[in-house]
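What follows is one structure encoded as structure tokens, with my remarks underneath.
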Amino acid sequence: MKFPSMAEAAGRTLGDEEVAAAERVIRSGMLNSVWGTEARLLEAEVARMYGLPHAISCSSGTAALHLSVVAAAPDPGDEIITTPITDFGTVAPILAQNAVPVFADVDPGDGNLDPDAVAKLIGPRTRAIMAVHLFGAAARVDELRALADAHGLTLIEDCAQAWLTELPAPEGATGSPGLAGTVGDVACLSLQQWKHITCGDGGIALTADDELARRMRLFADKGWDRAAGRSHASFGLNYRMTELQAAVARAQLAKLPGVVAARRRTAAMLLDALGNVPGLRLPRPDGHAWWLFPLVLPGGGAPELAETLSAAGIPARAGYLGEPLNRAPVWQGPVYGASRGPLDGYTPADCPEADRLVADTLLVIDWNEHYTGEHVDLIAREIAAARPGGRA
């Protein structure tokens, strides 16, 4: 059985609407967002979806994260606490601003930042906390928000994998507390090929703060104060989204609720089918956006199970990363030319829970809005057959 992949048309929602959007921009003759309209319209639509006043479009999710670090305004050598289980795009912007990534350990149940681990690492040079809503599951941003407020820190939410992820309601509360991305000072979204919706590459930075929005918009446009003529108000790079990206992204944005709903529907089917399989810790479904479907095997054996599933044609892999980012080879050599800059003498802290997840207990299955009940049945059968006794 073939599983739809986001690397091909059968696994995407790209269609006539995106073709018409691209044609509209090409026929207009204006492909640059400084003078065009598509990027500004995309920003307004995303801001409205998230209930925030500011959305800044940019060229990639990594660029959006760079804007968020610019908003936090670290001095060289200042520290930003983040997770070791994430794409390097979360960490690269910290280095780009000459700041130091400090890796906090994670919750062994879902791989998201452990607020208790974060609290132990806050020091005099800590400037920000950067949380990642891993695989589409909400991180504990309410606790991280309290920590940030208590210590005067910026809270950044990396929502690249978490379009429309819903935050858990406080105990005893009714109604939805809102979306992931609405608690931090800045939130970042990605439109890269493998995300819920795509324009190939692209990003959005969200904030409710007028000053942070001003800083990010300037930085994304080479520090160019357009209202003042050819005047550069501050240092910045060219992170502008093109009109072609924005037009395709707008067509995709209209399809986003359906994409997330379809992923939630089949994920719920698999959760139900795996409910009695021993040796598995199932993800919490509440609010999950299911970028990937993660499974934790507390007793270990994720690499072996991933191999079994892959042999059956199921797109599964163990660990998600080759190693947690605190153990990446990048920390062993020069980072800035022949220099290590503010990383001189730096050794990332150990994160034993992250180590164990990546090495032995975490398995992820690619998820897609085009999966059917037949795909779910095959996954469930193969897992059940491979885990007859499980491991506690």
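Every chain in the structure tokens takes a letter, A first, then B, and so on in the order presented; its residues are numbered from 1, and the ligands are numbered from 1 following the presented order.
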
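Excluding range 158-163 of chain A and any residue on its chain fewer than 6 positions from it, the residues at most 6 Å away by only C-alpha atoms are A:Ala131, A:Val132, A:His133, A:Phe135, A:Gly136, A:Ala187, A:Cys188, A:Leu189, A:Ser190, A:Ala289, A:Trp291.
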
Please produce a file of those selected residues containing N, CA, C and O atoms, as a short mmCIF file (atom, residue, chain, number, x, y, z; two decimals), in the first residue's frame.
```
data_model
loop_
_atom_site.label_atom_id
_atom_site.label_comp_id
_atom_site.auth_asym_id
_atom_site.auth_seq_id
_atom_site.Cartn_x
_atom_site.Cartn_y
_atom_site.Cartn_z
N ALA A 131 10.35 27.96 22.97
CA ALA A 131 9.66 26.67 23.05
C ALA A 131 9.26 26.21 21.66
O ALA A 131 8.94 27.02 20.79
N VAL A 132 9.26 24.90 21.47
CA VAL A 132 8.83 24.29 20.21
C VAL A 132 7.62 23.42 20.49
O VAL A 132 7.64 22.59 21.40
N HIS A 133 6.56 23.61 19.73
CA HIS A 133 5.38 22.73 19.83
C HIS A 133 5.64 21.52 18.93
O HIS A 133 5.23 21.48 17.77
N PHE A 135 5.95 18.28 16.85
CA PHE A 135 5.09 17.35 16.10
C PHE A 135 3.64 17.82 16.03
O PHE A 135 2.77 17.09 15.55
N GLY A 136 3.34 19.02 16.54
CA GLY A 136 1.97 19.52 16.56
C GLY A 136 1.30 19.42 17.91
O GLY A 136 0.12 19.77 18.04
N ALA A 187 5.51 34.44 17.96
CA ALA A 187 5.32 33.07 17.48
C ALA A 187 5.76 32.99 16.04
O ALA A 187 5.68 33.98 15.30
N CYS A 188 6.22 31.82 15.63
CA CYS A 188 6.76 31.64 14.28
C CYS A 188 6.10 30.45 13.60
O CYS A 188 5.99 29.37 14.18
N LEU A 189 5.69 30.65 12.36
CA LEU A 189 5.05 29.64 11.54
C LEU A 189 5.89 29.36 10.30
O LEU A 189 6.63 30.24 9.85
N SER A 190 5.77 28.16 9.76
CA SER A 190 6.54 27.78 8.58
C SER A 190 5.62 27.32 7.45
O SER A 190 4.61 26.67 7.68
N ALA A 289 -2.18 18.92 16.38
CA ALA A 289 -2.32 19.19 14.95
C ALA A 289 -1.70 18.11 14.07
O ALA A 289 -1.82 18.17 12.85
N TRP A 291 1.40 17.01 12.97
CA TRP A 291 2.38 17.14 11.89
C TRP A 291 3.02 15.78 11.65
O TRP A 291 3.14 15.32 10.51
#
```

All residues 9 Å or closer to Arg387 in chain A, only C-alpha atoms, same chain fewer than 4 positions away omitted, as a PyMOL selection string: chain A and resi 277-280+305+382-383+391

Within 10 Å of Leu31 in chain A using only C-alpha atoms, minus same-chain residues under 6 positions, as a PyMOL selection string: chain A and resi 22+25+37-38+241-247

Contacts of Leu309 in chain A at 12 Å (only C-alpha atoms; same-chain gap of 3+ positions) as a VMD selection string: chain A and resid 302 to 306 312 to 318 363 to 366 378 to 387

Keeping only C-alpha atoms, write those residues as a compact mmCIF listing (two decimals), in the first residue's frame.
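This is the output file result.txt:
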```txt
# COMPACT_ATOMS: atom_id res chain seq x y z
CA ALA A 302 11.82 2.21 18.96
CA PRO A 303 14.60 1.55 16.40
CA GLU A 304 13.53 -2.07 16.02
CA LEU A 305 9.85 -1.17 15.66
CA ALA A 306 10.66 1.54 13.13
CA ALA A 312 5.96 -2.99 5.65
CA GLY A 313 6.03 0.25 3.63
CA ILE A 314 4.98 2.51 6.50
CA PRO A 315 6.89 5.83 6.65
CA ALA A 316 8.23 5.49 10.20
CA ARG A 317 11.57 6.30 11.78
CA ALA A 318 13.09 6.23 15.22
CA LEU A 363 9.17 6.66 17.06
CA VAL A 364 7.50 8.99 14.57
CA ILE A 365 5.20 8.12 11.70
CA ASP A 366 4.74 10.57 8.84
CA LEU A 378 -2.15 -1.32 8.24
CA ILE A 379 -0.20 0.79 10.74
CA ALA A 380 -2.22 -0.56 13.67
CA ARG A 381 -1.87 -4.20 12.54
CA GLU A 382 1.88 -3.95 12.09
CA ILE A 383 2.42 -2.27 15.46
CA ALA A 384 0.20 -4.79 17.27
CA ALA A 385 1.98 -7.70 15.59
CA ALA A 386 5.39 -6.33 16.52
CA ARG A 387 4.43 -5.62 20.15
```

Backbone-only DSSP, strand (DSSP E) members of range 141-390 of chain A, as a ChimeraX atom specification: /A:154-158,186-190,203-207,292-296,316-318,362-366

Selection: 9 Å around Gly200 in chain A, only C-alpha atoms, excl. self and same-chain fewer than 4 positions, as number ranges by chain: A: 60, 191-194, 245

Quick one: write out the picked residues with all heavy atoms as a PDB file, in the first residue's frame?
```pdb
ATOM      1  N   SER A  60      11.266  32.223   5.033  1.00  0.00           N
ATOM      2  CA  SER A  60      11.290  30.853   5.522  1.00  0.00           C
ATOM      3  C   SER A  60      10.899  30.822   6.987  1.00  0.00           C
ATOM      4  O   SER A  60      10.885  31.862   7.661  1.00  0.00           O
ATOM      5  CB  SER A  60      12.684  30.229   5.352  1.00  0.00           C
ATOM      6  OG  SER A  60      13.615  30.836   6.244  1.00  0.00           O
ATOM      7  N   LEU A 191       6.027  27.658   6.231  1.00  0.00           N
ATOM      8  CA  LEU A 191       5.317  27.251   5.024  1.00  0.00           C
ATOM      9  C   LEU A 191       6.209  26.401   4.121  1.00  0.00           C
ATOM     10  O   LEU A 191       6.016  26.349   2.909  1.00  0.00           O
ATOM     11  CB  LEU A 191       4.833  28.494   4.267  1.00  0.00           C
ATOM     12  CG  LEU A 191       3.703  29.263   4.952  1.00  0.00           C
ATOM     13  CD1 LEU A 191       3.722  30.730   4.551  1.00  0.00           C
ATOM     14  CD2 LEU A 191       2.362  28.636   4.621  1.00  0.00           C
ATOM     15  N   GLN A 192       7.172  25.718   4.717  1.00  0.00           N
ATOM     16  CA  GLN A 192       8.116  24.885   3.986  1.00  0.00           C
ATOM     17  C   GLN A 192       7.403  23.661   3.406  1.00  0.00           C
ATOM     18  O   GLN A 192       6.286  23.337   3.811  1.00  0.00           O
ATOM     19  CB  GLN A 192       9.258  24.502   4.956  1.00  0.00           C
ATOM     20  CG  GLN A 192      10.381  23.729   4.344  1.00  0.00           C
ATOM     21  CD  GLN A 192      10.363  22.273   4.791  1.00  0.00           C
ATOM     22  OE1 GLN A 192       9.423  21.806   5.421  1.00  0.00           O
ATOM     23  NE2 GLN A 192      11.402  21.542   4.441  1.00  0.00           N
ATOM     24  N   GLN A 193       8.040  22.989   2.488  1.00  0.00           N
ATOM     25  CA  GLN A 193       7.406  21.913   1.726  1.00  0.00           C
ATOM     26  C   GLN A 193       6.733  20.856   2.598  1.00  0.00           C
ATOM     27  O   GLN A 193       5.673  20.348   2.257  1.00  0.00           O
ATOM     28  CB  GLN A 193       8.463  21.234   0.843  1.00  0.00           C
ATOM     29  CG  GLN A 193       7.973  20.030   0.059  1.00  0.00           C
ATOM     30  CD  GLN A 193       7.037  20.386  -1.081  1.00  0.00           C
ATOM     31  OE1 GLN A 193       7.211  21.419  -1.716  1.00  0.00           O
ATOM     32  NE2 GLN A 193       6.049  19.546  -1.352  1.00  0.00           N
ATOM     33  N   TRP A 194       7.318  20.529   3.756  1.00  0.00           N
ATOM     34  CA  TRP A 194       6.819  19.411   4.545  1.00  0.00           C
ATOM     35  C   TRP A 194       5.874  19.842   5.664  1.00  0.00           C
ATOM     36  O   TRP A 194       5.500  19.027   6.489  1.00  0.00           O
ATOM     37  CB  TRP A 194       7.988  18.609   5.121  1.00  0.00           C
ATOM     38  CG  TRP A 194       8.407  17.505   4.200  1.00  0.00           C
ATOM     39  CD1 TRP A 194       8.046  16.196   4.289  1.00  0.00           C
ATOM     40  CD2 TRP A 194       9.221  17.590   3.034  1.00  0.00           C
ATOM     41  NE1 TRP A 194       8.595  15.471   3.259  1.00  0.00           N
ATOM     42  CE2 TRP A 194       9.322  16.303   2.466  1.00  0.00           C
ATOM     43  CE3 TRP A 194       9.886  18.647   2.397  1.00  0.00           C
ATOM     44  CZ2 TRP A 194      10.056  16.035   1.313  1.00  0.00           C
ATOM     45  CZ3 TRP A 194      10.620  18.383   1.248  1.00  0.00           C
ATOM     46  CH2 TRP A 194      10.692  17.096   0.723  1.00  0.00           C
ATOM     47  N   GLN A 245       5.200  33.459  -3.528  1.00  0.00           N
ATOM     48  CA  GLN A 245       5.061  32.671  -2.304  1.00  0.00           C
ATOM     49  C   GLN A 245       3.766  33.045  -1.578  1.00  0.00           C
ATOM     50  O   GLN A 245       3.016  32.178  -1.120  1.00  0.00           O
ATOM     51  CB  GLN A 245       6.242  32.928  -1.378  1.00  0.00           C
ATOM     52  CG  GLN A 245       7.556  32.300  -1.776  1.00  0.00           C
ATOM     53  CD  GLN A 245       8.671  32.760  -0.856  1.00  0.00           C
ATOM     54  OE1 GLN A 245       9.011  33.938  -0.817  1.00  0.00           O
ATOM     55  NE2 GLN A 245       9.233  31.831  -0.108  1.00  0.00           N
TER      56      GLN A 245
END
```

Near Ala251 in chain A, counting only C-alpha atoms, which residues have an atom at most 8 Å away, once you skip same-chain residues fewer than 5 positions from it, shown as a CSV table (one decimal) with all heavy atoms, in the first residue's frame?
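As written to disk, result_38.csv reads:
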```csv
chain,number,residue,atom,x,y,z
A,17,GLU,N,-6.5,26.2,-7.3
A,17,GLU,CA,-6.5,27.5,-6.6
A,17,GLU,C,-5.1,28.1,-6.6
A,17,GLU,O,-4.9,29.3,-6.8
A,17,GLU,CB,-7.0,27.3,-5.2
A,17,GLU,CG,-8.4,26.8,-5.2
A,17,GLU,CD,-8.6,25.3,-5.3
A,17,GLU,OE1,-7.5,24.6,-5.4
A,17,GLU,OE2,-9.7,24.8,-5.1
A,18,GLU,N,-4.1,27.2,-6.3
A,18,GLU,CA,-2.7,27.7,-6.3
A,18,GLU,C,-2.2,28.1,-7.7
A,18,GLU,O,-1.4,29.1,-7.8
A,18,GLU,CB,-1.8,26.7,-5.6
A,18,GLU,CG,-2.0,26.4,-4.2
A,18,GLU,CD,-3.3,25.7,-3.8
A,18,GLU,OE1,-3.9,25.1,-4.7
A,18,GLU,OE2,-3.7,25.6,-2.6
A,21,ALA,N,-3.6,31.4,-8.4
A,21,ALA,CA,-2.9,32.5,-7.6
A,21,ALA,C,-1.6,32.8,-8.2
A,21,ALA,O,-1.2,34.0,-8.3
A,21,ALA,CB,-2.7,32.0,-6.2
```

Find the residues of range 337-357 of chain A that sit at most 7 Å from range 94-117 of chain A; for each, write down the nearest two atoms and how far apart they are in Å, to one decimal. Count only C-alpha atoms. Sort by chain, then by number going up, and give it as a Markdown table.
```
| residue | atom | partner | partner_atom | distance |
| --- | --- | --- | --- | --- |
| A:Pro342 | CA | A:Asn98 | CA | 6.5 |
| A:Leu343 | CA | A:Val100 | CA | 6.6 |
| A:Pro348 | CA | A:Phe103 | CA | 6.7 |
| A:Ala349 | CA | A:Phe103 | CA | 6.4 |
| A:Cys351 | CA | A:Asp105 | CA | 4.8 |
| A:Glu353 | CA | A:Pro108 | CA | 5.8 |
| A:Ala354 | CA | A:Val106 | CA | 6.0 |
| A:Leu357 | CA | A:Pro108 | CA | 6.9 |
```

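Distances from A:Asp201, A:Glu323, A:Asp360, A:Glu369 to Ala63 in chain A were compared using only C-alpha atoms, and the smallest one belongs to A:Asp201.
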
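For Leu155 in chain A, the residues within 8 Å (counting only C-alpha atoms, excluding itself and residues fewer than 3 positions away along the chain) are Ala128, Ile129, Met130, Ala131, Leu144, Arg145, Ala148, Gly184, Asp185 and Val186 of chain A.
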
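Nearest residue to Val91 in chain A among A:Asn238, A:Asn326, A:Ser231, A:Thr207 is A:Asn326, counting only C-alpha atoms.
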
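Note that CA of Thr266 in chain A and CA of Glu8 in chain A are 20.0 Å apart.
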
Backbone-only DSSP, helix (DSSP H, G or I) members of range 113-306 of chain A, as JSON, numbers by chain: {"A": [115, 116, 117, 118, 119, 120, 121, 134, 135, 136, 141, 142, 143, 144, 145, 146, 147, 148, 149, 150, 151, 210, 211, 212, 213, 214, 215, 216, 217, 218, 219, 220, 226, 227, 228, 243, 244, 245, 246, 247, 248, 249, 250, 251, 252, 253, 254, 255, 256, 257, 258, 259, 260, 261, 262, 263, 264, 265, 266, 267, 268, 269, 270, 271, 272, 273, 302, 303, 304, 305, 306]}

Atom-to-atom span, CA of Ala9 in chain A and CA of Tyr239 in chain A, Å: 27.5 Å
